[in-house]
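Colleague: Pasting protein.cif here (mmCIF, C-alpha atoms and all ligand atoms):
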data_run
loop_
_atom_site.label_atom_id
_atom_site.label_comp_id
_atom_site.auth_asym_id
_atom_site.auth_seq_id
_atom_site.Cartn_x
_atom_site.Cartn_y
_atom_site.Cartn_z
CA MET H 6 -21.67 -2.62 -31.47
CA GLY H 7 -19.17 -3.51 -34.18
CA LEU H 8 -16.23 -5.89 -34.36
CA TRP H 9 -13.96 -6.09 -31.29
CA GLY H 10 -16.29 -3.85 -29.30
CA LYS H 11 -15.80 -0.90 -31.63
CA ARG H 12 -18.52 1.59 -32.54
CA ASP H 13 -20.65 0.78 -35.58
CA ASP H 14 -19.45 3.71 -37.65
CA MET H 15 -15.74 2.73 -37.67
CA THR H 16 -14.21 2.44 -41.11
CA VAL H 17 -13.16 -1.22 -41.14
CA HIS H 18 -10.38 -1.49 -43.72
CA GLU H 19 -9.96 -5.22 -43.00
CA ARG H 20 -11.71 -7.67 -40.69
CA ASP H 21 -8.77 -10.10 -40.27
CA PRO H 22 -6.17 -8.80 -39.66
CA PHE H 23 -8.48 -6.26 -38.01
CA ASN H 24 -7.73 -2.72 -39.19
CA ALA H 25 -10.19 0.02 -38.35
CA GLU H 26 -10.27 3.78 -37.80
CA PRO H 27 -12.94 6.05 -36.32
CA PRO H 28 -14.72 8.65 -38.48
CA ARG H 29 -13.36 12.21 -38.26
CA SER H 30 -16.41 13.37 -36.30
CA ALA H 31 -15.74 10.80 -33.56
CA LEU H 32 -12.23 12.14 -32.95
CA ALA H 33 -13.29 15.78 -33.04
CA ASP H 34 -13.07 17.73 -29.77
CA ALA H 35 -12.18 14.70 -27.64
CA HIS H 36 -8.87 14.81 -25.81
CA LEU H 37 -9.02 11.17 -24.68
CA THR H 38 -10.34 8.64 -27.19
CA PRO H 39 -12.90 6.20 -25.76
CA VAL H 40 -11.85 2.57 -26.17
CA ASP H 41 -14.74 1.84 -28.56
CA THR H 42 -13.47 4.65 -30.81
CA PHE H 43 -9.69 3.99 -30.60
CA TYR H 44 -8.19 2.93 -33.95
CA SER H 45 -6.76 -0.57 -34.20
CA ARG H 46 -3.89 -1.73 -36.40
CA ASN H 47 -3.00 -5.40 -36.71
CA HIS H 48 -0.71 -7.45 -38.95
CA GLY H 49 -2.10 -10.87 -38.05
CA SER H 50 -5.05 -12.42 -36.26
CA VAL H 51 -5.62 -11.23 -32.70
CA PRO H 52 -4.13 -13.92 -30.41
CA ALA H 53 -5.84 -15.25 -27.28
CA ALA H 54 -3.71 -15.43 -24.15
CA ASP H 55 -4.67 -17.19 -20.93
CA PRO H 56 -3.65 -14.55 -18.34
CA ALA H 57 -2.97 -17.25 -15.73
CA ARG H 58 -0.44 -19.04 -17.92
CA TRP H 59 0.98 -15.94 -19.59
CA ARG H 60 4.59 -15.02 -18.72
CA LEU H 61 6.88 -12.17 -19.70
CA GLU H 62 10.51 -13.16 -20.32
CA VAL H 63 13.19 -10.51 -19.95
CA ASP H 64 16.42 -11.84 -21.44
CA GLY H 65 19.36 -11.17 -23.76
CA LEU H 66 22.28 -8.98 -22.67
CA VAL H 67 21.29 -8.91 -19.00
CA ASP H 68 22.96 -10.26 -15.86
CA HIS H 69 19.67 -11.30 -14.30
CA PRO H 70 17.03 -12.68 -16.73
CA LEU H 71 13.46 -12.50 -15.41
CA THR H 72 10.32 -14.57 -15.88
CA LEU H 73 7.34 -12.53 -14.72
CA THR H 74 3.66 -13.21 -14.13
CA LEU H 75 1.08 -10.42 -14.31
CA ASP H 76 0.99 -10.41 -10.51
CA ASP H 77 4.77 -9.94 -10.42
CA LEU H 78 4.43 -6.91 -12.69
CA ARG H 79 1.63 -5.42 -10.59
CA THR H 80 3.37 -5.91 -7.26
CA ARG H 81 7.15 -5.69 -7.77
CA TRP H 82 7.26 -2.17 -9.20
CA LYS H 83 5.28 1.00 -8.64
CA PRO H 84 2.57 1.38 -11.32
CA THR H 85 2.17 4.69 -13.10
CA ASP H 86 -0.09 6.38 -15.68
CA VAL H 87 0.87 8.05 -18.95
CA GLU H 88 -1.41 9.85 -21.40
CA VAL H 89 -0.25 8.93 -24.87
CA THR H 90 -1.32 9.63 -28.42
CA LEU H 91 -0.59 6.53 -30.49
CA GLU H 92 -0.20 7.24 -34.19
CA CYS H 93 0.36 4.68 -36.91
CA ALA H 94 3.14 5.49 -39.37
CA GLY H 95 0.49 4.96 -42.08
CA ASN H 96 -1.88 7.62 -40.69
CA ARG H 97 -3.17 9.89 -43.52
CA ARG H 98 -1.77 7.52 -46.15
CA THR H 99 -4.65 8.39 -48.52
CA GLY H 100 -3.03 11.81 -48.94
CA LEU H 101 -0.08 10.01 -50.52
CA THR H 102 -2.12 7.58 -52.64
CA GLU H 103 -3.69 10.65 -54.28
CA VAL H 104 -0.21 11.37 -55.63
CA ARG H 105 0.53 7.81 -56.74
CA ASP H 106 -1.02 4.43 -55.94
CA ILE H 107 0.32 2.44 -52.97
CA PRO H 108 -0.84 -1.14 -53.52
CA GLY H 109 -1.03 -3.58 -50.61
CA GLU H 110 -1.13 -0.99 -47.82
CA THR H 111 -4.14 -0.03 -45.69
CA PRO H 112 -5.71 3.21 -47.00
CA TRP H 113 -5.76 5.05 -43.67
CA GLY H 114 -7.51 8.39 -43.48
CA PRO H 115 -6.70 10.77 -40.58
CA GLY H 116 -8.07 8.33 -37.97
CA ALA H 117 -5.06 6.02 -37.46
CA ILE H 118 -4.36 8.02 -34.31
CA SER H 119 -5.96 8.03 -30.85
CA THR H 120 -5.16 9.05 -27.30
CA GLY H 121 -5.39 6.82 -24.25
CA ARG H 122 -4.41 6.85 -20.62
CA PHE H 123 -2.21 3.80 -20.13
CA HIS H 124 -1.43 2.25 -16.77
CA GLY H 125 1.43 -0.11 -16.01
CA VAL H 126 5.04 -0.21 -14.85
CA ARG H 127 8.03 1.60 -16.26
CA LEU H 128 10.11 -0.57 -18.56
CA ALA H 129 13.13 1.18 -17.01
CA ASP H 130 12.26 -0.25 -13.58
CA VAL H 131 11.98 -3.80 -14.93
CA LEU H 132 15.24 -3.43 -16.88
CA ALA H 133 17.00 -2.08 -13.79
CA ASP H 134 16.25 -5.39 -12.04
CA ALA H 135 17.40 -7.38 -15.09
CA ARG H 136 20.65 -5.37 -15.13
CA PRO H 137 21.68 -4.73 -18.76
CA ARG H 138 25.30 -5.66 -19.54
CA PRO H 139 27.93 -3.55 -21.28
CA GLY H 140 27.18 -3.62 -24.99
CA ALA H 141 23.41 -3.31 -24.47
CA ALA H 142 22.11 -0.81 -27.02
CA HIS H 143 18.59 -1.85 -28.08
CA VAL H 144 15.53 -3.42 -26.49
CA ALA H 145 13.44 -5.77 -28.64
CA PHE H 146 9.78 -6.63 -28.06
CA ALA H 147 8.30 -9.95 -29.21
CA ALA H 148 4.70 -11.10 -29.50
CA PRO H 149 2.98 -14.34 -30.56
CA ASP H 150 0.70 -13.01 -33.35
CA VAL H 151 1.98 -14.38 -36.65
CA SER H 152 1.77 -12.06 -39.62
CA PRO H 153 1.21 -13.66 -43.02
CA LEU H 154 2.28 -10.35 -44.57
CA ALA H 155 5.88 -10.63 -43.35
CA ARG H 156 8.55 -12.23 -45.51
CA PRO H 157 8.90 -14.95 -44.37
CA PRO H 158 5.69 -15.09 -42.26
CA GLN H 159 6.70 -14.51 -38.62
CA PRO H 160 5.44 -13.22 -35.29
CA TYR H 161 5.24 -9.44 -34.85
CA GLY H 162 8.17 -7.64 -33.21
CA GLY H 163 10.26 -4.50 -33.13
CA SER H 164 12.77 -2.62 -31.02
CA VAL H 165 13.73 0.76 -29.62
CA PRO H 166 17.17 2.02 -28.67
CA LEU H 167 18.11 1.39 -25.01
CA ALA H 168 18.06 5.13 -24.26
CA LYS H 169 14.36 5.31 -25.24
CA ALA H 170 13.55 2.05 -23.40
CA LEU H 171 14.97 3.59 -20.22
CA ALA H 172 12.99 6.83 -20.58
CA PRO H 173 10.42 7.27 -17.79
CA GLU H 174 7.44 7.52 -20.19
CA VAL H 175 7.88 4.03 -21.66
CA LEU H 176 5.49 1.55 -20.04
CA LEU H 177 4.54 -2.08 -19.91
CA ALA H 178 0.79 -1.52 -19.66
CA TRP H 179 -2.11 -3.76 -18.63
CA SER H 180 -4.78 -1.10 -18.46
CA MET H 181 -6.16 1.58 -20.77
CA ASN H 182 -8.57 4.43 -19.92
CA GLY H 183 -9.12 2.97 -16.44
CA ALA H 184 -10.19 -0.50 -17.62
CA PRO H 185 -8.29 -3.72 -18.29
CA LEU H 186 -6.52 -3.62 -21.66
CA PRO H 187 -8.96 -4.98 -24.28
CA ARG H 188 -7.82 -8.05 -26.20
CA VAL H 189 -7.57 -6.21 -29.52
CA HIS H 190 -5.29 -3.62 -27.90
CA GLY H 191 -2.83 -6.20 -26.59
CA ALA H 192 -4.13 -7.93 -23.44
CA PRO H 193 -2.73 -8.99 -21.14
CA LEU H 194 0.30 -6.70 -21.64
CA ARG H 195 1.63 -4.28 -24.25
CA ALA H 196 4.57 -1.97 -24.62
CA VAL H 197 3.65 1.72 -24.80
CA VAL H 198 6.35 3.87 -26.40
CA PRO H 199 5.14 7.49 -26.26
CA GLY H 200 6.28 9.77 -29.07
CA TRP H 201 7.25 6.89 -31.37
CA ILE H 202 5.32 5.38 -34.26
CA GLY H 203 2.59 3.01 -33.04
CA ALA H 204 4.46 0.04 -34.53
CA ARG H 205 6.92 0.07 -31.63
CA SER H 206 4.16 -0.23 -29.01
CA VAL H 207 4.08 -4.01 -29.33
CA LYS H 208 0.88 -5.70 -28.17
CA TRP H 209 0.48 -9.17 -26.55
CA LEU H 210 4.03 -8.76 -25.31
CA THR H 211 5.74 -12.00 -24.24
CA ARG H 212 9.46 -11.21 -24.46
CA VAL H 213 11.72 -8.22 -23.88
CA THR H 214 15.25 -8.86 -25.13
CA VAL H 215 18.22 -6.59 -24.51
CA ARG H 216 20.52 -6.60 -27.55
CA GLY H 217 23.51 -4.93 -29.11
CA THR H 218 21.66 -4.36 -32.39
CA PRO H 219 18.09 -3.49 -33.42
CA SER H 220 15.54 -6.32 -33.71
CA ASP H 221 15.87 -8.32 -36.92
CA ASN H 222 12.10 -8.84 -36.99
CA TYR H 223 10.55 -8.05 -40.40
CA PHE H 224 8.59 -5.13 -38.93
CA GLN H 225 11.79 -3.48 -37.74
CA ALA H 226 14.32 -4.55 -40.40
CA VAL H 227 12.16 -4.37 -43.55
CA ALA H 228 8.79 -2.69 -42.95
CA TYR H 229 8.35 0.65 -41.18
CA ARG H 230 11.37 2.04 -42.95
CA LEU H 231 11.74 4.73 -45.56
CA PRO H 232 13.56 3.07 -48.46
CA PRO H 233 16.38 4.78 -50.31
CA THR H 234 14.99 6.68 -53.31
CA GLY H 235 14.86 4.77 -56.55
CA THR H 236 15.34 1.29 -55.09
CA ASP H 237 12.97 -1.58 -54.51
CA PRO H 238 11.83 -1.00 -50.92
CA VAL H 239 12.05 -4.60 -49.74
CA THR H 240 15.46 -5.45 -51.17
CA ALA H 241 16.89 -2.12 -50.10
CA ALA H 242 15.79 -2.56 -46.50
CA LEU H 243 17.04 -6.17 -46.40
CA ASP H 244 20.41 -4.83 -47.48
CA GLY H 245 20.35 -2.61 -44.43
CA GLY H 246 19.40 0.42 -46.51
CA GLY H 247 16.73 2.93 -45.80
CA LEU H 248 15.78 4.74 -42.68
CA PRO H 249 14.07 2.99 -39.74
CA LEU H 250 11.07 4.97 -38.51
CA GLY H 251 11.00 5.80 -34.82
CA PRO H 252 10.14 9.19 -33.37
CA LEU H 253 6.91 10.79 -34.59
CA THR H 254 7.08 14.09 -36.41
CA LEU H 255 4.78 17.10 -36.50
CA ASN H 256 1.40 16.31 -38.06
CA CYS H 257 -2.17 17.61 -38.10
CA ALA H 258 -5.56 16.85 -39.60
CA ILE H 259 -8.88 18.57 -40.24
CA LEU H 260 -11.77 16.78 -38.50
CA ARG H 261 -14.65 19.24 -39.03
CA PRO H 262 -16.17 19.80 -41.51
CA ASP H 263 -16.04 16.31 -42.98
CA ASP H 264 -14.30 15.80 -46.31
CA GLY H 265 -16.85 15.89 -49.11
CA ALA H 266 -19.52 17.59 -46.97
CA ARG H 267 -22.21 19.90 -48.41
CA LEU H 268 -22.65 22.91 -46.15
CA PRO H 269 -24.40 26.26 -45.99
CA CYS H 270 -22.10 29.21 -46.81
CA GLY H 271 -20.93 31.59 -44.10
CA PRO H 272 -19.19 31.27 -40.73
CA THR H 273 -18.36 27.62 -40.13
CA PRO H 274 -16.45 25.99 -37.26
CA VAL H 275 -13.33 24.21 -38.45
CA THR H 276 -11.58 21.88 -35.99
CA GLY H 277 -8.86 19.26 -35.89
CA TYR H 278 -5.94 17.76 -34.04
CA ALA H 279 -2.21 18.44 -34.18
CA LEU H 280 0.64 16.40 -32.70
CA ALA H 281 4.16 17.75 -32.38
CA GLY H 282 6.26 14.66 -31.62
CA GLN H 283 9.95 14.90 -30.66
CA GLY H 284 8.93 15.84 -27.10
CA ARG H 285 7.79 19.23 -28.47
CA THR H 286 4.40 20.90 -28.39
CA VAL H 287 2.25 22.44 -31.12
CA ALA H 288 2.80 26.20 -31.14
CA ARG H 289 0.56 27.37 -33.97
CA VAL H 290 -1.98 26.13 -36.50
CA ASP H 291 -3.07 28.15 -39.55
CA VAL H 292 -6.17 27.35 -41.57
CA SER H 293 -7.16 28.52 -45.05
CA HIS H 294 -10.47 28.40 -46.93
CA ASP H 295 -8.91 29.20 -50.31
CA SER H 296 -6.36 26.41 -50.83
CA GLY H 297 -3.67 28.36 -48.97
CA GLY H 298 -4.15 31.83 -50.50
CA THR H 299 -5.06 33.44 -47.18
CA TRP H 300 -4.65 32.06 -43.67
CA ARG H 301 -6.29 32.44 -40.30
CA ARG H 302 -4.65 31.47 -37.04
CA ALA H 303 -6.59 28.82 -35.09
CA ASP H 304 -6.92 28.53 -31.31
CA VAL H 305 -4.80 25.61 -30.12
CA SER H 306 -5.50 23.84 -26.81
CA ALA H 307 -2.75 23.80 -24.19
CA ALA H 308 -0.50 20.74 -24.33
CA ALA H 309 -1.43 18.21 -21.64
CA GLY H 310 2.07 16.77 -22.00
CA PRO H 311 4.70 16.15 -24.63
CA TRP H 312 3.20 12.80 -25.72
CA VAL H 313 -0.32 13.90 -26.54
CA TRP H 314 -2.05 15.66 -29.37
CA GLN H 315 -3.63 19.11 -29.11
CA GLN H 316 -7.00 20.24 -30.42
CA TRP H 317 -7.37 23.32 -32.61
CA ARG H 318 -10.41 25.28 -33.77
CA THR H 319 -11.38 28.37 -35.65
CA THR H 320 -14.30 29.78 -37.62
CA LEU H 321 -13.93 30.31 -41.37
CA ASP H 322 -16.28 32.34 -43.54
CA LEU H 323 -16.88 29.82 -46.30
CA PRO H 324 -17.75 31.24 -49.74
CA HIS H 325 -20.26 29.82 -52.19
CA GLY H 326 -19.16 26.86 -54.32
CA ASP H 327 -16.32 24.34 -54.10
CA VAL H 328 -14.02 25.15 -51.22
CA GLU H 329 -10.71 23.58 -50.25
CA ILE H 330 -9.82 23.99 -46.57
CA VAL H 331 -6.11 23.59 -45.81
CA ALA H 332 -4.28 23.47 -42.47
CA ARG H 333 -0.63 23.64 -41.42
CA ALA H 334 0.97 23.39 -37.99
CA TRP H 335 4.19 24.64 -36.39
CA ASP H 336 5.87 23.03 -33.41
CA SER H 337 7.59 24.75 -30.50
CA ALA H 338 10.93 24.56 -32.36
CA GLY H 339 9.47 26.58 -35.26
CA THR H 340 9.27 23.62 -37.64
CA VAL H 341 6.35 23.81 -40.07
CA MET H 342 4.68 20.90 -41.86
CA PRO H 343 5.75 20.47 -45.50
CA GLU H 344 3.16 21.54 -48.08
CA SER H 345 3.50 18.89 -50.71
CA PRO H 346 2.58 15.21 -50.39
CA GLY H 347 4.48 14.64 -53.63
CA ARG H 348 7.76 15.37 -51.89
CA LEU H 349 6.91 12.90 -49.12
CA TRP H 350 5.63 10.04 -51.26
CA ASN H 351 7.29 6.70 -50.49
CA PRO H 352 6.36 3.19 -51.69
CA LYS H 353 4.93 2.03 -48.34
CA GLY H 354 3.11 5.31 -47.72
CA TYR H 355 4.50 6.23 -44.32
CA THR H 356 4.56 9.55 -42.44
CA ASN H 357 2.34 11.75 -44.53
CA THR H 358 2.86 15.02 -42.68
CA SER H 359 1.89 17.27 -45.60
CA TRP H 360 -0.77 19.98 -45.20
CA PRO H 361 -4.19 18.28 -44.84
CA ARG H 362 -6.84 19.33 -47.36
CA THR H 363 -10.62 18.99 -46.98
CA ARG H 364 -12.93 19.64 -49.91
CA VAL H 365 -16.48 20.80 -49.27
CA ARG H 366 -19.29 22.35 -51.31
CA CYS H 367 -21.00 25.38 -49.86
CA GLY H 368 -24.38 26.89 -50.64
N1 LIG Y 401 1.88 -7.74 -31.53
C1 LIG Y 401 1.56 -6.69 -32.30
N2 LIG Y 401 1.76 -5.44 -31.83
C2 LIG Y 401 1.45 -4.37 -32.59
C3 LIG Y 401 0.92 -4.53 -33.91
C4 LIG Y 401 0.71 -5.86 -34.37
O1 LIG Y 401 0.23 -6.09 -35.49
N3 LIG Y 401 1.04 -6.91 -33.55
N4 LIG Y 401 0.66 -3.42 -34.66
C5 LIG Y 401 1.42 -2.21 -34.31
C6 LIG Y 401 1.02 -1.00 -35.01
S1 LIG Y 401 1.62 -0.80 -36.60
C7 LIG Y 401 0.31 -0.01 -34.40
S2 LIG Y 401 0.01 1.46 -35.20
C8 LIG Y 401 -0.21 -0.18 -33.03
C9 LIG Y 401 -1.71 -0.02 -32.99
O2 LIG Y 401 -2.18 -0.19 -31.69
P1 LIG Y 401 -3.73 -0.33 -31.41
O3 LIG Y 401 -4.28 -1.45 -32.25
O4 LIG Y 401 -3.85 -0.60 -29.95
O5 LIG Y 401 -4.36 0.97 -31.77
O6 LIG Y 401 0.11 -1.46 -32.50
C10 LIG Y 401 1.38 -1.93 -32.82
N5 LIG Y 401 1.64 -3.14 -32.07
MO MO Y 402 1.16 1.27 -37.27
#
What's the structure tokens form of this structure?
Modeller:
Amino acid sequence: MGLWGKRDDMTVHERDPFNAEPPRSALADAHLTPVDTFYSRNHGSVPAADPARWRLEVDGLVDHPLTLTLDDLRTRWKPTDVEVTLECAGNRRTGLTEVRDIPGETPWGPGAISTGRFHGVRLADVLADARPRPGAAHVAFAAPDVSPLARPPQPYGGSVPLAKALAPEVLLAWSMNGAPLPRVHGAPLRAVVPGWIGARSVKWLTRVTVRGTPSDNYFQAVAYRLPPTGTDPVTAALDGGGLPLGPLTLNCAILRPDDGARLPCGPTPVTGYALAGQGRTVARVDVSHDSGGTWRRADVSAAAGPWVWQQWRTTLDLPHGDVEIVARAWDSAGTVMPESPGRLWNPKGYTNTSWPRTRVRCG
């Protein structure tokens, strides 16, 4: 077994902060991702919390601030389960670094995404007891893990608009895939914000603050934003420029065959995942064996819910020689993924939703 209970064949981009993604083959064909395979994204060292002394504070623009133990959370509200695909905003970043280098950011392949079944209470139920005041517009999450990457170094945090915080799918979760939440995934408690970039699902949660404005934490105010074109990303975001990332958008990846594989020619299964985001589902996936000259429609699995990925598969007749397999997905609103990573390139390398390409050699 590898670091933090992960499988041995994870790609460990960094040991501390721990950043690791499963190989393509481990994600292939699995609707739920086993905990030992689930990617992990961290900005600081994994903190240790003593569950007995741990408390969750609910404060800010509320009439009735709360201090909760884990037992309070388990017993005061009705627990519920949500199946969620978590995706890091940096998933598939390597597709952007091929266009132009992105120094200082983790070179994620297509594995910064995984699906779990989370169990906990609805944030909406907890907030209802705290009673938000007029003027409440955002809900900020705070955690104790200090990130040396932030300017200045600070604990991790972020926020979501109140409307999303009150949505029934947003959980405060203490369990994942039927087992207690592992430490590396945020024990004893994490926020789970389905359909939003993973960055908003804050782990090791200690404080939920109702505010009039978004969190001013570095990871909300500076990082995880698309900077205005032609400006220095950090200064621009500090000036309030740029676009904060929130809802996930349509994306897909090719999982089989593996990039760089040598294969026999002929009929070959090609599989992958697709995720619609925006509360939509994936309606269609096309796959090409000739860099997008001709396309074949793949079979797409039924959506288990609006917050989870779908699996797709087809068989392509691969010709002799160097072959580039390309995929593109449509969502239920008819939106198609953009072709070019060049158009999407940004200095932090977020949200690469361009057509995935896998190069293999056949024969
Ligand atoms: N406290 C804390 N929460 C965090 C992070 C972090 O570094 N610290 N990383 C975020 C990011 S960017 C992602 S993509 C997800 C990853 O969750 P996982 O490690 O459980 O897969 O956690 C989010 N929550
Ligand atoms: Mo992330």
Colleague: Have a look at H:Pro219, H:Arg60, H:Leu260, H:Val126 and name the one nearest to Pro27 of chain H; count all atoms listed in the file.
Modeller: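 For Pro27 of chain H, the nearest of the given residues is H:Leu260.
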Colleague: Write as a PyMOL selection string the residues around ligand MO 402 (chain Y), taking 9 Å as the cut-off and counting all atoms listed in the file.
Modeller: chain H and resi 45-47+91-96+117+202-206+229
Colleague: Hey, which of H:Thr74, H:Pro185, H:Pro149, H:Trp312 ends up closest to Arg285 of chain H? Count only C-alpha atoms.
Modeller: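 Answer, going by the shortest atom-to-atom distance: H:Trp312.
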Colleague: Give me, please, the distance in Å between atom CA of Pro70 of chain H and atom CA of Ala148 of chain H, quoted to one decimal.
Modeller: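 Computing it gives 17.8 Å between the two atoms.
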Colleague: Can you work out which one of H:Trp113, H:Trp82, H:Phe146, H:Trp209 has the shortest atom-to-atom distance to ligand LIG 401 (chain Y), counting all atoms listed in the file?
Modeller: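 Nearest to ligand LIG 401 (chain Y): H:Trp209.
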Colleague: Write out as a list in words each polymer residue whose atoms come within 7 Å of Trp317 of chain H, counting all atoms listed in the file; drop sequence neighbours fewer than 3 positions from it.
Modeller: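 With the cut-off at 7 Å, the set is Thr276, Gly277, Tyr278, Ala303, Asp304, Val305 and Ser306 of chain H.
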Colleague: Those same residues, written as a PDB file, in the coordinates of the input with C-alpha atoms?
Modeller:
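Output file part18.pdb is given in full below:
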ATOM      1  CA  THR H 276     -11.580  21.880 -35.990  1.00  0.00           C
ATOM      2  CA  GLY H 277      -8.860  19.260 -35.890  1.00  0.00           C
ATOM      3  CA  TYR H 278      -5.940  17.760 -34.040  1.00  0.00           C
ATOM      4  CA  ALA H 303      -6.590  28.820 -35.090  1.00  0.00           C
ATOM      5  CA  ASP H 304      -6.920  28.530 -31.310  1.00  0.00           C
ATOM      6  CA  VAL H 305      -4.800  25.610 -30.120  1.00  0.00           C
ATOM      7  CA  SER H 306      -5.500  23.840 -26.810  1.00  0.00           C
TER       8      SER H 306
END
Colleague: Show me, as an MDAnalysis selection string, the residues that have an atom within 7 Å of Pro166 of chain H when counting all atoms listed in the file, minus same-chain residues fewer than 3 positions from it.
Modeller: chainID H and resid 142:144 169:170
Colleague: Would you compute the distance between atom CA of Val213 of chain H and atom CA of Leu128 of chain H? Give it in Å to one decimal.
Modeller: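 Distance between the two atoms: 9.5 Å.
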Colleague: Have a look at H:Ser359, H:Asn182, H:Ser345, H:Thr340 and name the one nearest to Arg97 of chain H; count all atoms listed in the file.
Modeller: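 The answer is H:Ser359, which sits nearest to Arg97 of chain H.
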Colleague: Which residue out of H:Ala155, H:Thr99, H:Ala53, H:Ala31 has the minimum interatomic distance to Thr358 of chain H when all atoms listed in the file are used?
Modeller: H:Thr99
Colleague: Rank nothing, just name the residue among H:Gly116, H:Pro108, H:Gly310, H:Pro52 nearest to Ala192 of chain H, using all atoms listed in the file.
Modeller: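 Going through H:Gly116, H:Pro108, H:Gly310, H:Pro52 one by one, the smallest distance to Ala192 of chain H is for H:Pro52.
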Colleague: Quick one: residues within 10 Å of Lys353 of chain H, all atoms listed in the file counted, chain neighbours fewer than 2 positions away excluded, as a ChimeraX atom specification?
Modeller: /H:94-95,98,101-102,106-111,228-232,238-239,350-351,355-356
Colleague: Find the residues near Ser293 of chain H: any atom within 7 Å, counting all atoms listed in the file, skip ones fewer than 5 places away on the same chain, and give them as an MDAnalysis selection string.
Modeller: chainID H and resid 299:301 330:332
Colleague: Select, counting all atoms listed in the file, all protein, DNA and RNA residues no farther than 7 Å from (-0.4, -4.6, -29.2) in file coordinates, and express the selection as a PDB file with C-alpha atoms, keeping the file's coordinate frame.
Modeller:
ATOM      1  CA  HIS H 190      -5.290  -3.620 -27.900  1.00  0.00           C
ATOM      2  CA  GLY H 191      -2.830  -6.200 -26.590  1.00  0.00           C
ATOM      3  CA  ARG H 195       1.630  -4.280 -24.250  1.00  0.00           C
ATOM      4  CA  SER H 206       4.160  -0.230 -29.010  1.00  0.00           C
ATOM      5  CA  VAL H 207       4.080  -4.010 -29.330  1.00  0.00           C
ATOM      6  CA  LYS H 208       0.880  -5.700 -28.170  1.00  0.00           C
ATOM      7  CA  TRP H 209       0.480  -9.170 -26.550  1.00  0.00           C
TER       8      TRP H 209
END
Colleague: Rounded to one decimal place, report the atom CA of Phe224 of chain H-atom CA of Thr90 of chain H distance in Å.
Modeller: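 Between atom CA of Phe224 of chain H and atom CA of Thr90 of chain H the gap works out to 20.7 Å.
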Colleague: Residues within 10 Å of Met15 of chain H, please, as a PDB file with C-alpha atoms, in the frame of the given file. Count only C-alpha atoms; anything in the same chain fewer than 4 positions from it doesn't count.
Modeller:
ATOM      1  CA  GLY H   7     -19.170  -3.510 -34.180  1.00  0.00           C
ATOM      2  CA  LEU H   8     -16.230  -5.890 -34.360  1.00  0.00           C
ATOM      3  CA  LYS H  11     -15.800  -0.900 -31.630  1.00  0.00           C
ATOM      4  CA  ASN H  24      -7.730  -2.720 -39.190  1.00  0.00           C
ATOM      5  CA  ALA H  25     -10.190   0.020 -38.350  1.00  0.00           C
ATOM      6  CA  GLU H  26     -10.270   3.780 -37.800  1.00  0.00           C
ATOM      7  CA  PRO H  27     -12.940   6.050 -36.320  1.00  0.00           C
ATOM      8  CA  PRO H  28     -14.720   8.650 -38.480  1.00  0.00           C
ATOM      9  CA  ARG H  29     -13.360  12.210 -38.260  1.00  0.00           C
ATOM     10  CA  ALA H  31     -15.740  10.800 -33.560  1.00  0.00           C
ATOM     11  CA  ASP H  41     -14.740   1.840 -28.560  1.00  0.00           C
ATOM     12  CA  THR H  42     -13.470   4.650 -30.810  1.00  0.00           C
ATOM     13  CA  PHE H  43      -9.690   3.990 -30.600  1.00  0.00           C
ATOM     14  CA  TYR H  44      -8.190   2.930 -33.950  1.00  0.00           C
ATOM     15  CA  GLY H 116      -8.070   8.330 -37.970  1.00  0.00           C
TER      16      GLY H 116
END
Colleague: Would you kindly identify which residues have an atom no farther than 7 Å from (-7.5, 6.1, -27.7), using only C-alpha atoms and the file's own coordinates, and write them out as number ranges by chain?
Modeller: H: 37-40, 42-43, 119-121
